[in-house]
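Participant: Input protein_29.txt, format and content: compact mmCIF, C-alpha atoms.
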# COMPACT_ATOMS: atom_id res chain seq x y z
CA MET A 23 4.37 -46.60 -86.48
CA ALA A 24 7.21 -44.12 -86.89
CA ALA A 25 9.73 -46.74 -85.80
CA VAL A 26 8.51 -49.13 -88.49
CA THR A 27 8.65 -46.62 -91.33
CA ARG A 28 12.15 -45.61 -90.35
CA GLY A 29 13.37 -49.21 -90.66
CA CYS A 30 14.36 -49.78 -87.05
CA ARG A 31 15.72 -53.08 -85.82
CA PRO A 32 13.23 -55.81 -84.90
CA TRP A 33 13.52 -55.11 -81.19
CA GLY A 34 13.18 -51.41 -81.92
CA SER A 35 10.07 -52.10 -83.96
CA LEU A 36 8.62 -54.10 -81.10
CA LEU A 37 9.34 -51.34 -78.62
CA GLY A 38 7.87 -48.81 -81.01
CA LEU A 39 4.73 -50.92 -81.42
CA LEU A 40 4.40 -51.31 -77.66
CA GLY A 41 4.85 -47.58 -77.27
CA LEU A 42 2.16 -46.93 -79.85
CA VAL A 43 -0.23 -49.30 -78.12
CA SER A 44 0.50 -47.72 -74.76
CA ALA A 45 -0.08 -44.23 -76.14
CA ALA A 46 -3.36 -45.29 -77.72
CA ALA A 47 -4.48 -46.91 -74.49
CA ALA A 48 -3.58 -43.80 -72.52
CA ALA A 49 -5.50 -41.60 -74.96
CA TRP A 50 -8.56 -43.84 -74.97
CA ASP A 51 -11.56 -42.22 -73.35
CA LEU A 52 -12.72 -44.58 -70.63
CA ALA A 53 -16.16 -43.00 -70.58
CA SER A 54 -16.52 -43.55 -74.33
CA LEU A 55 -15.53 -47.18 -73.88
CA ARG A 56 -18.13 -47.68 -71.19
CA CYS A 57 -20.75 -45.99 -73.38
CA SER A 58 -19.93 -48.26 -76.31
CA LEU A 59 -20.21 -51.37 -74.16
CA GLY A 60 -23.47 -50.50 -72.49
CA ALA A 61 -25.51 -47.98 -70.55
CA PHE A 62 -23.53 -45.46 -68.52
CA CYS A 63 -25.20 -42.52 -66.80
CA GLU A 64 -22.61 -39.97 -67.93
CA CYS A 65 -22.91 -40.92 -71.62
CA ASP A 66 -25.43 -38.12 -72.14
CA PHE A 67 -23.04 -35.54 -70.67
CA ARG A 68 -21.26 -34.19 -73.77
CA PRO A 69 -20.17 -30.60 -72.98
CA ASP A 70 -19.47 -28.39 -75.99
CA LEU A 71 -18.24 -25.20 -74.36
CA GLN A 72 -16.86 -23.78 -77.59
CA GLY A 73 -20.26 -24.13 -79.25
CA LEU A 74 -21.96 -22.59 -76.22
CA GLU A 75 -19.58 -19.63 -76.19
CA CYS A 76 -20.12 -19.06 -79.91
CA ASP A 77 -23.91 -19.28 -79.63
CA LEU A 78 -23.98 -16.87 -76.69
CA ALA A 79 -21.78 -14.40 -78.57
CA GLN A 80 -24.04 -14.48 -81.63
CA HIS A 81 -27.51 -14.53 -80.09
CA LEU A 82 -27.41 -13.08 -76.57
CA ALA A 83 -27.35 -9.31 -77.07
CA GLY A 84 -26.08 -6.83 -74.51
CA GLN A 85 -25.09 -9.35 -71.83
CA HIS A 86 -21.30 -9.31 -72.00
CA LEU A 87 -20.72 -9.68 -68.27
CA ALA A 88 -23.28 -12.47 -67.91
CA LYS A 89 -21.79 -14.37 -70.85
CA ALA A 90 -18.27 -14.10 -69.49
CA LEU A 91 -19.28 -15.27 -66.01
CA VAL A 92 -21.31 -18.22 -67.28
CA VAL A 93 -18.58 -19.47 -69.62
CA LYS A 94 -15.84 -18.99 -67.03
CA ALA A 95 -17.77 -20.87 -64.35
CA LEU A 96 -18.62 -23.74 -66.71
CA LYS A 97 -15.06 -24.14 -67.95
CA ALA A 98 -13.66 -24.29 -64.44
CA PHE A 99 -16.31 -26.83 -63.42
CA VAL A 100 -16.38 -29.10 -66.49
CA TRP A 101 -12.60 -29.29 -66.87
CA ASN A 102 -12.19 -30.27 -63.23
CA PRO A 103 -12.29 -34.10 -62.98
CA ALA A 104 -12.99 -33.91 -59.24
CA PRO A 105 -14.94 -30.74 -58.37
CA THR A 106 -15.10 -29.86 -54.69
CA LYS A 107 -18.78 -28.89 -54.85
CA PRO A 108 -21.65 -28.64 -57.35
CA LEU A 109 -21.88 -25.76 -59.79
CA VAL A 110 -24.59 -23.32 -58.69
CA LEU A 111 -25.66 -20.51 -61.03
CA SER A 112 -28.22 -17.79 -60.34
CA LEU A 113 -29.75 -15.97 -63.31
CA HIS A 114 -31.95 -12.98 -62.57
CA GLY A 115 -33.29 -10.02 -64.50
CA TRP A 116 -36.36 -8.47 -66.09
CA THR A 117 -38.68 -10.33 -68.43
CA GLY A 118 -37.14 -10.91 -71.85
CA THR A 119 -33.51 -10.49 -70.80
CA GLY A 120 -32.60 -14.03 -71.81
CA LYS A 121 -32.72 -16.04 -68.57
CA SER A 122 -34.66 -18.96 -70.05
CA TYR A 123 -32.69 -18.69 -73.27
CA VAL A 124 -29.35 -19.03 -71.47
CA SER A 125 -30.58 -21.94 -69.37
CA SER A 126 -31.87 -23.77 -72.45
CA LEU A 127 -28.50 -23.25 -74.17
CA LEU A 128 -26.69 -24.65 -71.15
CA ALA A 129 -28.79 -27.82 -71.27
CA HIS A 130 -28.30 -28.09 -75.05
CA TYR A 131 -24.52 -27.73 -74.99
CA LEU A 132 -23.90 -29.79 -71.86
CA PHE A 133 -26.16 -32.80 -72.48
CA GLN A 134 -26.62 -34.71 -75.70
CA GLY A 135 -30.38 -34.82 -75.21
CA GLY A 136 -30.60 -31.16 -74.27
CA LEU A 137 -33.74 -30.30 -72.33
CA ARG A 138 -35.10 -33.78 -73.07
CA SER A 139 -32.16 -35.51 -71.47
CA PRO A 140 -33.14 -37.77 -68.57
CA ARG A 141 -30.38 -36.00 -66.60
CA VAL A 142 -31.95 -32.54 -66.97
CA HIS A 143 -34.71 -31.75 -64.46
CA HIS A 144 -36.79 -28.60 -64.84
CA PHE A 145 -39.00 -27.37 -61.99
CA SER A 146 -41.73 -24.77 -62.35
CA PRO A 147 -43.61 -23.42 -59.29
CA VAL A 148 -46.85 -23.21 -61.25
CA ILE A 149 -46.67 -26.86 -62.32
CA HIS A 150 -44.83 -28.59 -59.48
CA PHE A 151 -45.48 -26.45 -56.38
CA PRO A 152 -48.80 -24.63 -56.96
CA GLN A 153 -50.17 -24.68 -53.39
CA PRO A 154 -48.06 -23.03 -50.63
CA SER A 155 -50.18 -24.84 -48.03
CA HIS A 156 -48.64 -28.14 -49.22
CA ILE A 157 -45.12 -27.01 -48.38
CA LYS A 158 -44.33 -30.04 -46.19
CA ARG A 159 -45.16 -32.49 -48.94
CA TYR A 160 -43.31 -30.40 -51.52
CA LYS A 161 -40.18 -30.39 -49.38
CA LYS A 162 -40.29 -34.13 -48.97
CA ASP A 163 -40.92 -34.73 -52.68
CA LEU A 164 -38.21 -32.30 -53.81
CA LYS A 165 -35.58 -33.75 -51.51
CA SER A 166 -36.49 -37.27 -52.63
CA TRP A 167 -36.40 -36.27 -56.32
CA VAL A 168 -33.00 -34.59 -56.14
CA GLN A 169 -31.48 -37.31 -53.99
CA GLY A 170 -32.87 -40.09 -56.16
CA ASN A 171 -31.64 -38.61 -59.43
CA LEU A 172 -28.20 -37.81 -58.02
CA THR A 173 -27.97 -41.38 -56.80
CA ALA A 174 -28.78 -42.56 -60.32
CA CYS A 175 -26.25 -40.16 -61.89
CA GLY A 176 -24.06 -37.46 -60.39
CA ARG A 177 -23.92 -35.66 -63.75
CA SER A 178 -27.38 -34.13 -63.45
CA LEU A 179 -28.71 -30.62 -64.04
CA PHE A 180 -31.50 -29.19 -61.89
CA LEU A 181 -33.21 -26.08 -63.26
CA PHE A 182 -35.53 -24.07 -61.01
CA ASP A 183 -37.60 -21.51 -62.90
CA GLU A 184 -39.37 -18.43 -61.47
CA MET A 185 -37.78 -18.58 -58.05
CA ASP A 186 -39.81 -15.56 -56.96
CA LYS A 187 -42.96 -17.72 -57.17
CA MET A 188 -41.63 -20.65 -55.13
CA PRO A 189 -43.39 -21.33 -51.80
CA PRO A 190 -41.39 -19.71 -48.97
CA GLY A 191 -38.99 -22.13 -47.32
CA LEU A 192 -39.14 -24.77 -50.05
CA MET A 193 -35.57 -24.25 -51.25
CA GLU A 194 -34.20 -24.91 -47.76
CA VAL A 195 -34.17 -28.63 -48.51
CA LEU A 196 -31.57 -28.05 -51.23
CA GLN A 197 -28.96 -26.40 -49.02
CA PRO A 198 -27.27 -29.66 -47.95
CA PHE A 199 -26.83 -30.60 -51.63
CA LEU A 200 -25.10 -27.33 -52.52
CA GLY A 201 -22.16 -27.38 -50.13
CA SER A 202 -18.73 -28.98 -50.32
CA SER A 203 -19.30 -32.16 -48.31
CA TRP A 204 -18.36 -35.36 -50.11
CA VAL A 205 -21.55 -37.23 -49.29
CA VAL A 206 -24.99 -36.00 -48.27
CA TYR A 207 -27.79 -38.42 -47.49
CA GLY A 208 -25.52 -41.20 -48.80
CA THR A 209 -25.14 -39.47 -52.19
CA ASN A 210 -22.08 -38.07 -53.94
CA TYR A 211 -23.33 -34.93 -55.66
CA ARG A 212 -20.25 -32.86 -56.49
CA LYS A 213 -20.71 -33.14 -60.26
CA ALA A 214 -24.26 -31.78 -60.25
CA ILE A 215 -25.33 -28.42 -61.68
CA PHE A 216 -28.05 -26.25 -60.14
CA ILE A 217 -29.50 -23.25 -62.00
CA PHE A 218 -31.89 -20.81 -60.31
CA ILE A 219 -33.90 -18.32 -62.39
CA ARG A 220 -35.71 -15.40 -60.85
CA TRP A 221 -37.43 -12.20 -61.93
CA LEU A 222 -36.41 -8.94 -60.39
CA LEU A 223 -40.07 -8.27 -59.66
CA THR A 224 -41.85 -10.07 -56.81
CA LEU A 225 -45.01 -11.67 -58.14
CA ARG A 226 -47.91 -13.34 -56.41
CA HIS A 227 -48.10 -17.11 -56.24
CA HIS A 228 -50.17 -18.90 -58.83
CA GLY A 229 -51.54 -22.40 -58.74
CA ARG A 230 -53.28 -24.43 -61.37
CA ALA A 231 -51.98 -27.86 -62.36
CA PRO A 232 -51.02 -30.53 -59.82
CA PRO A 233 -47.34 -31.54 -59.53
CA ARG A 234 -46.09 -33.71 -62.36
CA ARG A 235 -42.83 -34.58 -64.02
CA SER A 236 -41.06 -31.63 -65.57
CA GLY A 237 -41.45 -30.75 -69.22
CA ALA A 238 -39.50 -28.62 -71.64
CA LEU A 239 -38.65 -24.98 -71.13
CA PRO A 240 -40.76 -22.37 -72.92
CA PRO A 241 -39.40 -21.09 -76.24
CA ALA A 242 -36.47 -18.74 -75.86
CA PRO A 243 -36.95 -15.07 -76.78
CA ALA A 244 -35.66 -14.27 -80.25
CA ALA A 245 -33.98 -11.01 -79.21
CA PRO A 246 -33.18 -10.82 -75.48
CA ARG A 247 -33.03 -7.37 -73.96
CA PRO A 248 -30.68 -6.13 -71.23
CA ALA A 249 -30.00 -6.63 -68.47
CA LEU A 250 -29.44 -10.17 -67.31
CA CYS A 251 -27.38 -10.74 -64.17
CA THR A 252 -25.61 -13.92 -63.27
CA GLN A 253 -23.52 -15.06 -60.38
CA ARG A 254 -21.93 -18.08 -58.83
CA ALA A 255 -24.04 -18.71 -55.78
CA GLY A 256 -22.34 -19.66 -52.54
CA PRO A 257 -23.22 -22.60 -50.30
CA ALA A 258 -26.59 -21.02 -49.62
CA GLY A 259 -27.39 -21.24 -53.33
CA PRO A 260 -30.95 -20.05 -53.83
CA GLY A 261 -30.69 -17.73 -50.88
CA ALA A 262 -28.29 -15.47 -52.75
CA LYS A 263 -29.30 -11.94 -53.62
CA GLY A 264 -31.43 -11.61 -56.69
Go through the file and emit its structure as structure tokens.

Facilitator:
Amino acid sequence: MAAVTRGCRPWGSLLGLLGLVSAAAAAWDLASLRCSLGAFCECDFRPDLQGLECDLAQHLAGQHLAKALVVKALKAFVWNPAPTKPLVLSLHGWTGTGKSYVSSLLAHYLFQGGLRSPRVHHFSPVIHFPQPSHIKRYKKDLKSWVQGNLTACGRSLFLFDEMDKMPPGLMEVLQPFLGSSWVVYGTNYRKAIFIFIRWLLTLRHHGRAPPRRSGALPPAPAAPRPALCTQRAGPAGPGAKG
């Protein structure tokens, strides 16, 4: 366009037009094109890290270290077009420190549908794994669920609430999904995000409702209290200290 306004020669105008077209093509977001043409599993993945950082700064009180670690880990992961392994975050602290609040914000600012996105999967031990005696079936179901959803879309978020109430040994089935291998069980999972939430107190297991599909997170506390801890978990993921 600049070549035309400057009155370049015809061949210069043509070259300028070709350059403009090439630049526009290079700047075109392929994912956006695929979304506009039809269904694409990553269309719901719309990270807004600036909005997340602003919201955390305004509403998460007294958690400076946690906020910095979360934002730093997300930036490094989201801006990497080919991550070497999934992002694994562990949030732990006392009741009311903001663990559920932070996790709900992550879903909101990473996925267009937030907690209702079909790519966000929330697991609660009370709802999904109420009976420790059914551990074998739970392991099989959990592995199948994670594998199936990662096969459908690598850009998926798996949120595990109240880790301290999970049946012992259940999380072992997730370890192969958390490492750096390219393919596990025939699935490429390097773009997935796993979040583990745990209390600092060890509570007894509870069991009421039978397993069902996950619902929304409980309402976030209006004024979180200190102190919330966060860390990038290693390959062992849920086995990290908490």

Participant: List the neighbours of Ser178 in chain A out to 9 Å using all atoms listed in the file; skip same-chain residues closer than 3 positions along the sequence, and give me the result as a PyMOL selection string.

Facilitator: chain A and resi 64+67+140-143+171-172+175+211+213-216

Participant: With all atoms listed in the file as the basis for distance, which of A:Leu87, A:Gly120, A:Ser202, A:Pro190 is at the shortest distance from Pro152 in chain A?

Facilitator: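 Of all the options, A:Pro190 lies closest to Pro152 in chain A.
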
Participant: Just checking: using only C-alpha atoms, which residue out of A:Leu181, A:Ala104, A:Met188, A:Cys76 ends up closest to Ala90 in chain A?

Facilitator: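 Of the candidates, the smallest distance to Ala90 in chain A is held by A:Cys76.
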
Participant: Quote the spacing between CA of Gln85 in chain A and CA of Ser139 in chain A in Å to one decimal place.

Facilitator: 27.1 Å

Participant: For Gln169 in chain A, which of A:Leu127, A:Leu96, A:Leu82, A:Leu200 is the closest residue, counting only C-alpha atoms?

Facilitator: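 Checking each candidate against Gln169 in chain A, we get A:Leu200 as the closest.
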
Participant: State, in Å with one decimal place, the distance from CA of Lys162 in chain A to CA of Leu192 in chain A.

Facilitator: 9.5 Å
